[in-house]
>>> print(open('target.cif').read())   # mmCIF, C-alpha atoms
data_structure
#
loop_
_atom_site.group_PDB
_atom_site.id
_atom_site.type_symbol
_atom_site.label_atom_id
_atom_site.label_comp_id
_atom_site.auth_asym_id
_atom_site.auth_seq_id
_atom_site.Cartn_x
_atom_site.Cartn_y
_atom_site.Cartn_z
ATOM 1 C CA MET P 7 0.000 0.000 0.000
ATOM 2 C CA PRO P 8 2.585 2.679 0.960
ATOM 3 C CA ALA P 9 4.479 2.159 -2.315
ATOM 4 C CA ASP P 10 1.364 2.819 -4.431
ATOM 5 C CA PHE P 11 0.391 5.739 -2.260
ATOM 6 C CA PHE P 12 3.883 7.295 -2.530
ATOM 7 C CA ARG P 13 3.934 6.822 -6.300
ATOM 8 C CA TRP P 14 0.582 8.575 -6.569
ATOM 9 C CA LEU P 15 1.742 11.311 -4.177
ATOM 10 C CA VAL P 16 4.998 12.024 -6.012
ATOM 11 C CA ASN P 17 3.043 12.481 -9.265
ATOM 12 C CA SER P 18 0.352 14.685 -7.740
ATOM 13 C CA PRO P 19 -0.051 18.265 -8.977
ATOM 14 C CA TRP P 20 0.824 19.786 -5.582
ATOM 15 C CA THR P 21 4.077 17.820 -5.454
ATOM 16 C CA HIS P 22 4.948 19.174 -8.894
ATOM 17 C CA ALA P 23 4.094 22.659 -7.641
ATOM 18 C CA MET P 24 6.343 22.164 -4.594
ATOM 19 C CA ASN P 25 9.218 21.137 -6.892
ATOM 20 C CA SER P 26 8.541 23.733 -9.590
ATOM 21 C CA HIS P 27 10.857 26.446 -8.211
ATOM 22 C CA GLU P 28 13.585 26.186 -5.645
ATOM 23 C CA TRP P 29 12.052 28.902 -3.443
ATOM 24 C CA VAL P 30 8.694 27.082 -2.992
ATOM 25 C CA PHE P 31 9.892 24.538 -0.432
ATOM 26 C CA PRO P 32 11.565 27.074 1.913
ATOM 27 C CA ALA P 33 8.549 29.372 1.550
ATOM 28 C CA VAL P 34 6.143 26.585 2.545
ATOM 29 C CA GLN P 35 8.487 25.603 5.366
ATOM 30 C CA SER P 36 8.522 29.199 6.636
ATOM 31 C CA LEU P 37 4.710 29.176 6.655
ATOM 32 C CA HIS P 38 4.910 25.897 8.585
ATOM 33 C CA PHE P 39 7.068 27.656 11.198
ATOM 34 C CA ILE P 40 4.640 30.563 11.470
ATOM 35 C CA GLY P 41 1.774 28.072 11.790
ATOM 36 C CA PHE P 42 3.364 26.176 14.633
ATOM 37 C CA ALA P 43 4.453 29.337 16.438
ATOM 38 C CA LEU P 44 0.806 30.407 16.321
ATOM 39 C CA SER P 45 -0.654 27.068 17.409
ATOM 40 C CA ILE P 46 1.987 25.759 19.817
ATOM 41 C CA GLY P 47 2.688 29.243 21.165
ATOM 42 C CA THR P 48 -0.942 29.863 22.075
ATOM 43 C CA ILE P 49 -1.268 26.325 23.486
ATOM 44 C CA ALA P 50 1.854 26.988 25.586
ATOM 45 C CA ILE P 51 0.259 30.125 27.066
ATOM 46 C CA VAL P 52 -2.683 27.982 28.258
ATOM 47 C CA ASP P 53 -0.357 25.164 29.418
ATOM 48 C CA LEU P 54 1.747 27.556 31.495
ATOM 49 C CA ARG P 55 -1.446 28.921 33.021
ATOM 50 C CA LEU P 56 -2.570 25.377 33.900
ATOM 51 C CA LEU P 57 0.811 24.887 35.593
ATOM 52 C CA GLY P 58 0.279 28.115 37.548
ATOM 53 C CA PHE P 59 2.637 30.353 35.544
ATOM 54 C CA GLY P 60 2.153 33.250 33.201
ATOM 55 C CA MET P 61 -1.223 34.898 32.790
ATOM 56 C CA ARG P 62 -2.509 34.115 36.277
ATOM 57 C CA ARG P 63 -5.112 36.876 36.409
ATOM 58 C CA GLN P 64 -7.227 34.951 33.891
ATOM 59 C CA LYS P 65 -8.929 31.618 34.422
ATOM 60 C CA PRO P 66 -7.607 28.840 32.161
ATOM 61 C CA ALA P 67 -11.067 28.456 30.594
ATOM 62 C CA GLU P 68 -11.189 32.137 29.661
ATOM 63 C CA LEU P 69 -7.658 32.114 28.213
ATOM 64 C CA ALA P 70 -8.298 28.938 26.246
ATOM 65 C CA ALA P 71 -11.539 30.308 24.813
ATOM 66 C CA ASP P 72 -9.877 33.600 23.805
ATOM 67 C CA LEU P 73 -6.906 31.916 22.143
ATOM 68 C CA GLU P 74 -8.598 28.859 20.598
ATOM 69 C CA PRO P 75 -9.443 30.455 17.215
ATOM 70 C CA TRP P 76 -5.765 31.380 16.737
ATOM 71 C CA THR P 77 -4.636 27.947 17.928
ATOM 72 C CA ARG P 78 -6.917 26.321 15.358
ATOM 73 C CA ALA P 79 -5.788 28.665 12.587
ATOM 74 C CA GLY P 80 -2.187 27.717 13.392
ATOM 75 C CA ILE P 81 -3.014 23.998 13.425
ATOM 76 C CA ALA P 82 -4.736 24.354 10.039
ATOM 77 C CA VAL P 83 -1.650 26.054 8.543
ATOM 78 C CA MET P 84 0.588 23.328 10.003
ATOM 79 C CA LEU P 85 -1.583 20.492 8.713
ATOM 80 C CA ILE P 86 -1.659 21.960 5.185
ATOM 81 C CA THR P 87 2.023 22.903 4.876
ATOM 82 C CA GLY P 88 3.346 19.761 6.624
ATOM 83 C CA PRO P 89 1.879 17.204 4.183
ATOM 84 C CA LEU P 90 2.946 19.418 1.253
ATOM 85 C CA MET P 91 6.577 19.130 2.413
ATOM 86 C CA PHE P 92 6.113 15.423 3.093
ATOM 87 C CA SER P 93 4.882 14.839 -0.455
ATOM 88 C CA THR P 94 8.159 16.085 -1.991
ATOM 89 C CA ASP P 95 10.180 13.249 -0.491
ATOM 90 C CA ALA P 96 7.594 10.889 0.976
ATOM 91 C CA VAL P 97 9.647 7.694 1.003
ATOM 92 C CA ALA P 98 12.626 9.281 2.780
ATOM 93 C CA TYR P 99 10.367 10.864 5.397
ATOM 94 C CA HIS P 100 8.460 7.599 5.840
ATOM 95 C CA TYR P 101 11.645 5.752 6.845
ATOM 96 C CA ASN P 102 13.202 8.624 8.853
ATOM 97 C CA PRO P 103 13.139 7.748 12.597
ATOM 98 C CA SER P 104 12.858 11.425 13.635
ATOM 99 C CA PHE P 105 9.872 11.854 11.326
ATOM 100 C CA GLN P 106 8.222 8.721 12.746
ATOM 101 C CA PHE P 107 8.810 10.017 16.279
ATOM 102 C CA LYS P 108 7.381 13.403 15.277
ATOM 103 C CA MET P 109 4.227 11.832 13.798
ATOM 104 C CA VAL P 110 3.594 9.745 16.936
ATOM 105 C CA CYS P 111 4.016 12.855 19.116
ATOM 106 C CA LEU P 112 1.780 14.878 16.767
ATOM 107 C CA MET P 113 -1.045 12.316 16.806
ATOM 108 C CA LEU P 114 -0.881 12.101 20.610
ATOM 109 C CA ALA P 115 -0.628 15.894 20.981
ATOM 110 C CA LEU P 116 -3.648 16.561 18.735
ATOM 111 C CA LEU P 117 -5.703 13.808 20.358
ATOM 112 C CA PHE P 118 -4.738 15.099 23.799
ATOM 113 C CA HIS P 119 -5.507 18.702 22.862
ATOM 114 C CA PHE P 120 -9.051 18.007 21.696
ATOM 115 C CA THR P 121 -9.951 15.580 24.514
ATOM 116 C CA ILE P 122 -8.247 15.629 27.923
ATOM 117 C CA HIS P 123 -6.662 19.079 27.565
ATOM 118 C CA ARG P 124 -9.989 20.590 26.648
ATOM 119 C CA ARG P 125 -11.580 19.177 29.804
ATOM 120 C CA ALA P 126 -8.659 20.190 32.031
ATOM 121 C CA VAL P 127 -9.064 23.887 31.156
ATOM 122 C CA ARG P 128 -12.745 23.883 32.178
ATOM 123 C CA ALA P 129 -13.763 25.482 35.440
ATOM 124 C CA GLY P 130 -14.006 22.900 38.216
ATOM 125 C CA ALA P 131 -11.265 20.624 36.906
ATOM 126 C CA PRO P 132 -9.165 19.326 39.826
ATOM 127 C CA PRO P 133 -5.931 21.372 40.165
ATOM 128 C CA ILE P 134 -3.711 18.310 39.943
ATOM 129 C CA ALA P 135 -5.425 17.219 36.704
ATOM 130 C CA ALA P 136 -4.942 20.728 35.303
ATOM 131 C CA LYS P 137 -1.232 20.660 36.134
ATOM 132 C CA LEU P 138 -0.725 17.196 34.678
ATOM 133 C CA ALA P 139 -2.576 18.179 31.509
ATOM 134 C CA GLY P 140 -0.513 21.373 31.126
ATOM 135 C CA GLY P 141 2.768 19.502 31.624
ATOM 136 C CA MET P 142 1.758 16.653 29.316
ATOM 137 C CA SER P 143 0.690 19.049 26.577
ATOM 138 C CA LEU P 144 3.992 20.992 26.748
ATOM 139 C CA LEU P 145 5.919 17.721 26.650
ATOM 140 C CA LEU P 146 4.041 16.347 23.617
ATOM 141 C CA TRP P 147 4.362 19.561 21.588
ATOM 142 C CA THR P 148 8.043 19.800 22.533
ATOM 143 C CA GLY P 149 8.405 16.275 21.118
ATOM 144 C CA VAL P 150 6.738 17.399 17.875
ATOM 145 C CA VAL P 151 9.103 20.359 17.380
ATOM 146 C CA ALA P 152 12.243 18.494 18.510
ATOM 147 C CA GLY P 153 11.397 15.508 16.279
ATOM 148 C CA GLY P 154 10.817 17.887 13.377
ATOM 149 C CA ARG P 155 14.190 19.570 13.852
ATOM 150 C CA MET P 156 15.963 16.207 14.041
ATOM 151 C CA ILE P 157 14.582 15.033 10.651
ATOM 152 C CA ALA P 158 17.432 16.865 8.908
ATOM 153 C CA PHE P 159 20.050 15.198 11.104
ATOM 154 C CA ILE P 160 18.914 11.574 11.559
ATOM 155 C CA MET E 90 42.507 42.389 11.638
ATOM 156 C CA SER E 91 40.551 41.666 8.480
ATOM 157 C CA VAL E 92 37.062 40.217 8.431
ATOM 158 C CA PRO E 93 38.119 36.831 6.961
ATOM 159 C CA SER E 94 40.767 36.378 9.647
ATOM 160 C CA ILE E 95 38.256 37.189 12.403
ATOM 161 C CA LEU E 96 35.827 34.656 10.942
ATOM 162 C CA GLU E 97 38.604 32.065 10.699
ATOM 163 C CA TRP E 98 39.531 32.742 14.316
ATOM 164 C CA ILE E 99 35.890 32.309 15.486
ATOM 165 C CA GLN E 100 35.644 29.112 13.470
ATOM 166 C CA SER E 101 38.808 27.745 15.118
ATOM 167 C CA THR E 102 37.730 28.342 18.727
ATOM 168 C CA ASP E 103 36.995 25.265 20.831
ATOM 169 C CA VAL E 104 33.330 26.218 21.254
ATOM 170 C CA SER E 105 32.843 26.634 17.508
ATOM 171 C CA VAL E 106 34.508 23.305 16.704
ATOM 172 C CA ALA E 107 32.558 21.531 19.466
ATOM 173 C CA ILE E 108 29.182 22.764 18.200
ATOM 174 C CA ARG E 109 29.990 22.211 14.518
ATOM 175 C CA GLU E 110 31.661 18.829 14.727
ATOM 176 C CA GLY E 111 30.421 17.415 18.033
ATOM 177 C CA GLY E 112 27.406 15.630 16.525
ATOM 178 C CA LEU E 113 24.599 16.301 18.986
ATOM 179 C CA PRO E 114 25.268 19.919 20.123
ATOM 180 C CA TYR E 115 24.342 21.517 16.773
ATOM 181 C CA PRO E 116 20.897 19.863 16.389
ATOM 182 C CA ILE E 117 20.168 20.333 20.093
ATOM 183 C CA ILE E 118 20.981 24.056 20.046
ATOM 184 C CA GLY E 119 19.040 24.342 16.784
ATOM 185 C CA GLY E 120 16.163 22.465 18.405
ATOM 186 C CA VAL E 121 16.096 24.813 21.412
ATOM 187 C CA HIS E 122 16.224 27.804 19.021
ATOM 188 C CA LEU E 123 13.189 26.405 17.183
ATOM 189 C CA LEU E 124 11.321 25.444 20.368
ATOM 190 C CA THR E 125 11.800 28.954 21.699
ATOM 191 C CA ILE E 126 10.283 30.314 18.493
ATOM 192 C CA ALA E 127 7.326 27.961 18.987
ATOM 193 C CA LEU E 128 6.767 28.618 22.697
ATOM 194 C CA PHE E 129 7.576 32.323 22.943
ATOM 195 C CA GLY E 130 6.770 33.407 19.405
ATOM 196 C CA GLY E 131 3.164 32.673 20.336
ATOM 197 C CA MET E 132 3.388 35.121 23.243
ATOM 198 C CA LEU E 133 4.701 37.818 20.949
ATOM 199 C CA LEU E 134 1.832 37.027 18.567
ATOM 200 C CA ALA E 135 -0.677 37.191 21.417
ATOM 201 C CA THR E 136 0.683 40.625 22.421
ATOM 202 C CA ASP E 137 0.481 41.984 18.888
ATOM 203 C CA LEU E 138 -2.944 40.449 18.258
ATOM 204 C CA ARG E 139 -4.218 42.073 21.465
ATOM 205 C CA LEU E 140 -2.873 45.450 20.338
ATOM 206 C CA LEU E 141 -4.624 45.010 17.001
ATOM 207 C CA GLY E 142 -7.835 44.188 18.892
ATOM 208 C CA TRP E 143 -8.067 40.677 17.428
ATOM 209 C CA ALA E 144 -7.487 38.452 20.484
ATOM 210 C CA ILE E 145 -8.075 38.310 24.259
ATOM 211 C CA GLN E 146 -10.393 41.295 23.954
ATOM 212 C CA ARG E 147 -12.130 40.594 27.261
ATOM 213 C CA ARG E 148 -9.030 41.814 29.079
ATOM 214 C CA PRO E 149 -7.526 45.313 29.116
ATOM 215 C CA VAL E 150 -4.437 45.831 26.951
ATOM 216 C CA SER E 151 -2.267 46.615 29.979
ATOM 217 C CA ASP E 152 -3.361 43.390 31.677
ATOM 218 C CA VAL E 153 -2.381 41.224 28.703
ATOM 219 C CA LEU E 154 0.879 43.050 27.910
ATOM 220 C CA SER E 155 2.188 43.152 31.462
ATOM 221 C CA GLN E 156 1.526 39.451 32.040
ATOM 222 C CA LEU E 157 3.173 38.329 28.817
ATOM 223 C CA GLN E 158 6.173 40.661 28.960
ATOM 224 C CA PRO E 159 8.453 38.624 31.283
ATOM 225 C CA TRP E 160 7.913 35.513 29.133
ATOM 226 C CA LYS E 161 8.603 37.428 25.955
ATOM 227 C CA ARG E 162 11.845 38.735 27.454
ATOM 228 C CA LEU E 163 12.898 35.253 28.542
ATOM 229 C CA GLY E 164 12.124 33.899 25.063
ATOM 230 C CA PHE E 165 14.038 36.744 23.400
ATOM 231 C CA ALA E 166 17.083 36.042 25.596
ATOM 232 C CA VAL E 167 17.033 32.301 24.806
ATOM 233 C CA VAL E 168 16.460 32.763 21.080
ATOM 234 C CA VAL E 169 19.322 35.302 20.816
ATOM 235 C CA ALA E 170 21.675 33.166 22.938
ATOM 236 C CA THR E 171 21.042 29.984 20.927
ATOM 237 C CA GLY E 172 21.209 31.987 17.674
ATOM 238 C CA LEU E 173 24.618 33.393 18.664
ATOM 239 C CA LEU E 174 25.906 29.879 19.412
ATOM 240 C CA LEU E 175 24.669 28.637 16.021
ATOM 241 C CA ALA E 176 26.324 31.596 14.287
ATOM 242 C CA TRP E 177 29.550 31.074 16.263
ATOM 243 C CA ALA E 178 29.679 27.506 14.913
ATOM 244 C CA GLU E 179 29.547 28.499 11.237
ATOM 245 C CA PRO E 180 30.683 32.117 10.763
ATOM 246 C CA VAL E 181 32.302 31.623 7.339
ATOM 247 C CA ARG E 182 29.259 30.013 5.720
ATOM 248 C CA LEU E 183 26.923 32.576 7.302
ATOM 249 C CA TYR E 184 29.098 35.462 6.104
ATOM 250 C CA ARG E 185 28.624 34.222 2.532
ATOM 251 C CA SER E 186 24.889 33.583 2.933
ATOM 252 C CA PRO E 187 22.662 36.399 1.583
ATOM 253 C CA SER E 188 19.698 35.249 3.688
ATOM 254 C CA PHE E 189 21.788 35.629 6.840
ATOM 255 C CA TRP E 190 22.360 39.310 6.034
ATOM 256 C CA VAL E 191 18.673 39.790 5.280
ATOM 257 C CA LYS E 192 17.943 38.243 8.665
ATOM 258 C CA MET E 193 20.453 40.561 10.371
ATOM 259 C CA ALA E 194 18.792 43.521 8.627
ATOM 260 C CA PHE E 195 15.424 42.425 10.068
ATOM 261 C CA PHE E 196 17.108 42.049 13.438
ATOM 262 C CA ALA E 197 18.428 45.617 13.208
ATOM 263 C CA LEU E 198 14.917 46.771 12.311
ATOM 264 C CA VAL E 199 13.621 45.062 15.458
ATOM 265 C CA GLY E 200 15.986 47.356 17.364
ATOM 266 C CA VAL E 201 14.715 50.397 15.460
ATOM 267 C CA HIS E 202 11.137 49.268 16.153
ATOM 268 C CA ALA E 203 11.904 49.152 19.891
ATOM 269 C CA LEU E 204 13.488 52.623 19.799
ATOM 270 C CA VAL E 205 10.543 54.113 17.935
ATOM 271 C CA PHE E 206 7.661 52.445 19.751
ATOM 272 C CA ARG E 207 8.819 51.488 23.229
ATOM 273 C CA ALA E 208 8.184 54.857 24.854
ATOM 274 C CA GLY E 209 4.844 55.493 23.128
ATOM 275 C CA VAL E 210 3.317 52.019 23.233
ATOM 276 C CA TYR E 211 4.973 49.291 25.274
ATOM 277 C CA ARG E 212 6.183 51.226 28.312
ATOM 278 C CA HIS E 213 2.751 52.589 29.225
ATOM 279 C CA PRO E 214 0.182 50.015 28.052
ATOM 280 C CA GLU E 215 -2.334 51.341 30.615
ATOM 281 C CA ARG E 216 -2.756 54.427 28.410
ATOM 282 C CA LEU E 217 -4.143 52.112 25.713
ATOM 283 C CA ASP E 218 -6.879 50.668 27.932
ATOM 284 C CA ALA E 219 -9.241 53.505 27.032
ATOM 285 C CA GLY E 220 -8.659 52.908 23.329
ATOM 286 C CA ILE E 221 -5.888 51.487 21.185
ATOM 287 C CA THR E 222 -4.197 54.294 19.259
ATOM 288 C CA ARG E 223 -3.344 53.982 15.569
ATOM 289 C CA HIS E 224 0.264 54.389 16.638
ATOM 290 C CA ALA E 225 -0.016 51.228 18.781
ATOM 291 C CA LYS E 226 -1.754 49.287 16.008
ATOM 292 C CA LEU E 227 0.999 50.280 13.605
ATOM 293 C CA ALA E 228 3.577 49.070 16.136
ATOM 294 C CA ALA E 229 1.810 45.695 16.409
ATOM 295 C CA ALA E 230 1.423 45.247 12.647
ATOM 296 C CA LEU E 231 5.084 46.124 12.021
ATOM 297 C CA SER E 232 6.145 43.795 14.821
ATOM 298 C CA LEU E 233 4.258 40.906 13.182
ATOM 299 C CA LEU E 234 5.856 41.682 9.809
ATOM 300 C CA LEU E 235 9.376 41.896 11.266
ATOM 301 C CA TRP E 236 8.857 38.670 13.152
ATOM 302 C CA ALA E 237 7.612 36.871 10.019
ATOM 303 C CA GLY E 238 10.601 38.297 8.107
ATOM 304 C CA LEU E 239 13.010 36.926 10.707
ATOM 305 C CA ILE E 240 11.458 33.449 10.450
ATOM 306 C CA VAL E 241 11.425 33.374 6.649
ATOM 307 C CA SER E 242 14.965 34.743 6.204
ATOM 308 C CA GLY E 243 16.219 32.483 8.985
ATOM 309 C CA ARG E 244 14.742 29.427 7.307
ATOM 310 C CA LEU E 245 16.150 30.468 3.930
ATOM 311 C CA ILE E 246 19.734 30.466 5.295
ATOM 312 C CA ALA E 247 19.781 26.668 5.147
ATOM 313 C CA PHE E 248 18.964 26.813 1.414
ATOM 314 C CA ASP E 249 21.679 29.307 0.424
ATOM 315 C CA ALA E 250 24.514 28.127 -1.798
ATOM 316 C CA SER E 251 27.090 28.580 0.959
ATOM 317 C CA PHE E 252 25.246 25.923 2.942
ATOM 318 C CA ASP E 253 25.453 23.285 0.222
ATOM 319 C CA GLU E 254 27.790 20.625 1.504
#
>>> encode(input="target.cif", output="structure tokens")
Amino acid sequence: MPADFFRWLVNSPWTHAMNSHEWVFPAVQSLHFIGFALSIGTIAIVDLRLLGFGMRRQKPAELAADLEPWTRAGIAVMLITGPLMFSTDAVAYHYNPSFQFKMVCLMLALLFHFTIHRRAVRAGAPPIAAKLAGGMSLLLWTGVVAGGRMIAFI
Amino acid sequence: MSVPSILEWIQSTDVSVAIREGGLPYPIIGGVHLLTIALFGGMLLATDLRLLGWAIQRRPVSDVLSQLQPWKRLGFAVVVATGLLLAWAEPVRLYRSPSFWVKMAFFALVGVHALVFRAGVYRHPERLDAGITRHAKLAAALSLLLWAGLIVSGRLIAFDASFDE
């Protein structure tokens, strides 16, 4: 299955577009960076608040609600630009251990964000649960970024 | 001392050699540089978005800015420190990289931005609680542009000819 999928992907119009000029890849990658700064940065503000740092005058629920649209916009940018970069060299990424680690962290981080994390920011969540959720979220997103950086090296 | 000899000297220091050829230090420092952009870049965005009136509008400007400022400063310190270490490791290649000089130009503009807007906007955010001035909105919009420019030019360095192995 992966072989057929990769063959189809490499011949797709967006992969051709990504390879059409040498500036396209770095441009898409820069957008990817801006996307994750927006999403992970706003998530980190909420995580630090759950841990008792940062914007302590606001309740976590209020902060999360105010920042969520920007978090989601950032996630959307990441999830569009990421697969575009993947498509240019799918087989190499597929077998890269850093990429595999990044994808596992990303799946867990997204799942965590839209389930447990979402409940932990609500009013009435036990403080220990809030702290654990904030720490776990920071850890998972750190794994995503660190894994991403390591793709070029391992 | 000429520029090439200074660059050669930097490149020959123990720290430079250790980061460049030590295996793990370079990706780790690069990883921390990137993580800082992810974690603290978002705080800078939140500040600018608040000034533009696009986010966290339930809270006064001064409230948002004063709470985020220490984190922004910490992030700035870490991103500059890790950036300096990365530059120290590869001064010759960076000197020949056009994107590096574009990035340094953006960095200089960040300094100009601070000189121009600090007194009027960031030092007294409580004055903006009654209404965000056009001056403050301009500061926020320019800050976002400079920040995006730093990211794009920084990313482009790796694609410059001087970085082809």
>>> closest_atom_pairs(input="target.cif", of="chain P", to="chain E", cutoff="7 Å", atoms="all atoms listed in the file", output="JSON lines")
{"residue": "P:Pro32", "atom": "CA", "partner": "E:Leu245", "partner_atom": "CA", "distance": 6.1}
{"residue": "P:Ser36", "atom": "CA", "partner": "E:Val241", "partner_atom": "CA", "distance": 5.1}
{"residue": "P:Phe42", "atom": "CA", "partner": "E:Ala127", "partner_atom": "CA", "distance": 6.2}
{"residue": "P:Ala43", "atom": "CA", "partner": "E:Ala127", "partner_atom": "CA", "distance": 4.1}
{"residue": "P:Leu44", "atom": "CA", "partner": "E:Gly131", "partner_atom": "CA", "distance": 5.2}
{"residue": "P:Ile46", "atom": "CA", "partner": "E:Ala127", "partner_atom": "CA", "distance": 5.8}
{"residue": "P:Gly47", "atom": "CA", "partner": "E:Gly131", "partner_atom": "CA", "distance": 3.6}
{"residue": "P:Thr48", "atom": "CA", "partner": "E:Gly131", "partner_atom": "CA", "distance": 5.3}
{"residue": "P:Ala50", "atom": "CA", "partner": "E:Leu128", "partner_atom": "CA", "distance": 5.9}
{"residue": "P:Gly60", "atom": "CA", "partner": "E:Gln156", "partner_atom": "CA", "distance": 6.3}
{"residue": "P:Met61", "atom": "CA", "partner": "E:Gln156", "partner_atom": "CA", "distance": 5.4}
{"residue": "P:Asp72", "atom": "CA", "partner": "E:Ile145", "partner_atom": "CA", "distance": 5.1}
{"residue": "P:Leu73", "atom": "CA", "partner": "E:Ala144", "partner_atom": "CA", "distance": 6.8}
{"residue": "P:Thr148", "atom": "CA", "partner": "E:Leu124", "partner_atom": "CA", "distance": 6.9}
{"residue": "P:Val151", "atom": "CA", "partner": "E:Leu124", "partner_atom": "CA", "distance": 6.3}
{"residue": "P:Ala152", "atom": "CA", "partner": "E:Gly120", "partner_atom": "CA", "distance": 5.6}
{"residue": "P:Arg155", "atom": "CA", "partner": "E:Gly120", "partner_atom": "CA", "distance": 5.7}
{"residue": "P:Met156", "atom": "CA", "partner": "E:Pro116", "partner_atom": "CA", "distance": 6.6}
>>> write_last_selection(input="target.cif", atoms="C-alpha atoms", output="short mmCIF file (atom, residue, chain, number, x, y, z; two decimals), in the frame of the given file")
data_model
loop_
_atom_site.label_atom_id
_atom_site.label_comp_id
_atom_site.auth_asym_id
_atom_site.auth_seq_id
_atom_site.Cartn_x
_atom_site.Cartn_y
_atom_site.Cartn_z
CA PRO P 32 11.56 27.07 1.91
CA SER P 36 8.52 29.20 6.64
CA PHE P 42 3.36 26.18 14.63
CA ALA P 43 4.45 29.34 16.44
CA LEU P 44 0.81 30.41 16.32
CA ILE P 46 1.99 25.76 19.82
CA GLY P 47 2.69 29.24 21.16
CA THR P 48 -0.94 29.86 22.08
CA ALA P 50 1.85 26.99 25.59
CA GLY P 60 2.15 33.25 33.20
CA MET P 61 -1.22 34.90 32.79
CA ASP P 72 -9.88 33.60 23.80
CA LEU P 73 -6.91 31.92 22.14
CA THR P 148 8.04 19.80 22.53
CA VAL P 151 9.10 20.36 17.38
CA ALA P 152 12.24 18.49 18.51
CA ARG P 155 14.19 19.57 13.85
CA MET P 156 15.96 16.21 14.04
#
>>> atom_distance(input="target.cif", atom1="CA of Val34 in chain P", atom2="CA of Thr87 in chain P")
6.0 Å
>>> atom_distance(input="target.cif", atom1="CA of His119 in chain P", atom2="CA of His100 in chain P")
24.7 Å
>>> closest_residue(input="target.cif", among="P:Pro19, P:Gly80, P:Pro103, P:Gly88", to="Ile49 in chain P", atoms="all atoms listed in the file")
P:Gly80
>>> residues_around(input="target.cif", residues="Leu198 in chain E", least_positions_apart="6", cutoff="10 Å", atoms="only C-alpha atoms", output="list in words")
Lys192, Leu204, Leu231, Ser232 and Leu235 of chain E
>>> closest_residue(input="target.cif", among="P:Phe12, P:Val52, P:Gln35, P:Ser93", to="Ser143 in chain P", atoms="all atoms listed in the file")
P:Val52
>>> resolve_selection(input="target.cif", expression="the PyMOL selection byres ((chain P and resi 136) around 12)", output="VMD selection string")
chain P and resid 52 to 58 65 to 67 122 to 135 137 to 143
>>> residues_around(input="target.cif", residues="range 99-107 of chain E", least_positions_apart="5", cutoff="9 Å", atoms="all atoms listed in the file", output="count of residues only")
12
>>> residues_around(input="target.cif", residues="Leu140 in chain E", least_positions_apart="4", cutoff="7 Å", atoms="only C-alpha atoms", output="number ranges by chain")
E: 136, 150, 221, 225-226, 229
>>> write_last_selection(input="target.cif", atoms="C-alpha atoms", output="compact mmCIF listing (two decimals), keeping the file's coordinate frame")
# COMPACT_ATOMS: atom_id res chain seq x y z
CA THR E 136 0.68 40.62 22.42
CA VAL E 150 -4.44 45.83 26.95
CA ILE E 221 -5.89 51.49 21.18
CA ALA E 225 -0.02 51.23 18.78
CA LYS E 226 -1.75 49.29 16.01
CA ALA E 229 1.81 45.70 16.41
>>> closest_residue(input="target.cif", among="E:Leu173, E:Pro149, E:Asp137, E:Gly220", to="Gln64 in chain P", atoms="all atoms listed in the file")
E:Pro149
>>> residues_around(input="target.cif", residues="Ala82 in chain P", least_positions_apart="5", cutoff="9 Å", atoms="all atoms listed in the file", output="PyMOL selection string")
chain P and resi 41+45+77+87
>>> write_last_selection(input="target.cif", atoms="C-alpha atoms", output="PDB file, in the coordinates of the input")
ATOM      1  CA  GLY P  41       1.774  28.072  11.790  1.00  0.00           C
ATOM      2  CA  SER P  45      -0.654  27.068  17.409  1.00  0.00           C
ATOM      3  CA  THR P  77      -4.636  27.947  17.928  1.00  0.00           C
ATOM      4  CA  THR P  87       2.023  22.903   4.876  1.00  0.00           C
TER       5      THR P  87
END
>>> residues_around(input="target.cif", residues="Thr94 in chain P", least_positions_apart="5", cutoff="9 Å", atoms="only C-alpha atoms", output="list in words")
Leu15, Val16, Trp20, Thr21, His22, Met24, Asn25, Phe31 and Pro89 of chain P
>>> atom_distance(input="target.cif", atom1="CA of Leu163 in chain E", atom2="CA of Arg182 in chain E")
28.6 Å
>>> resolve_selection(input="target.cif", expression="the PyMOL selection byres ((chain P and resi 115) around 10)", output="MDAnalysis selection string")
chainID P and resid 109:114 116:121 123 142:150
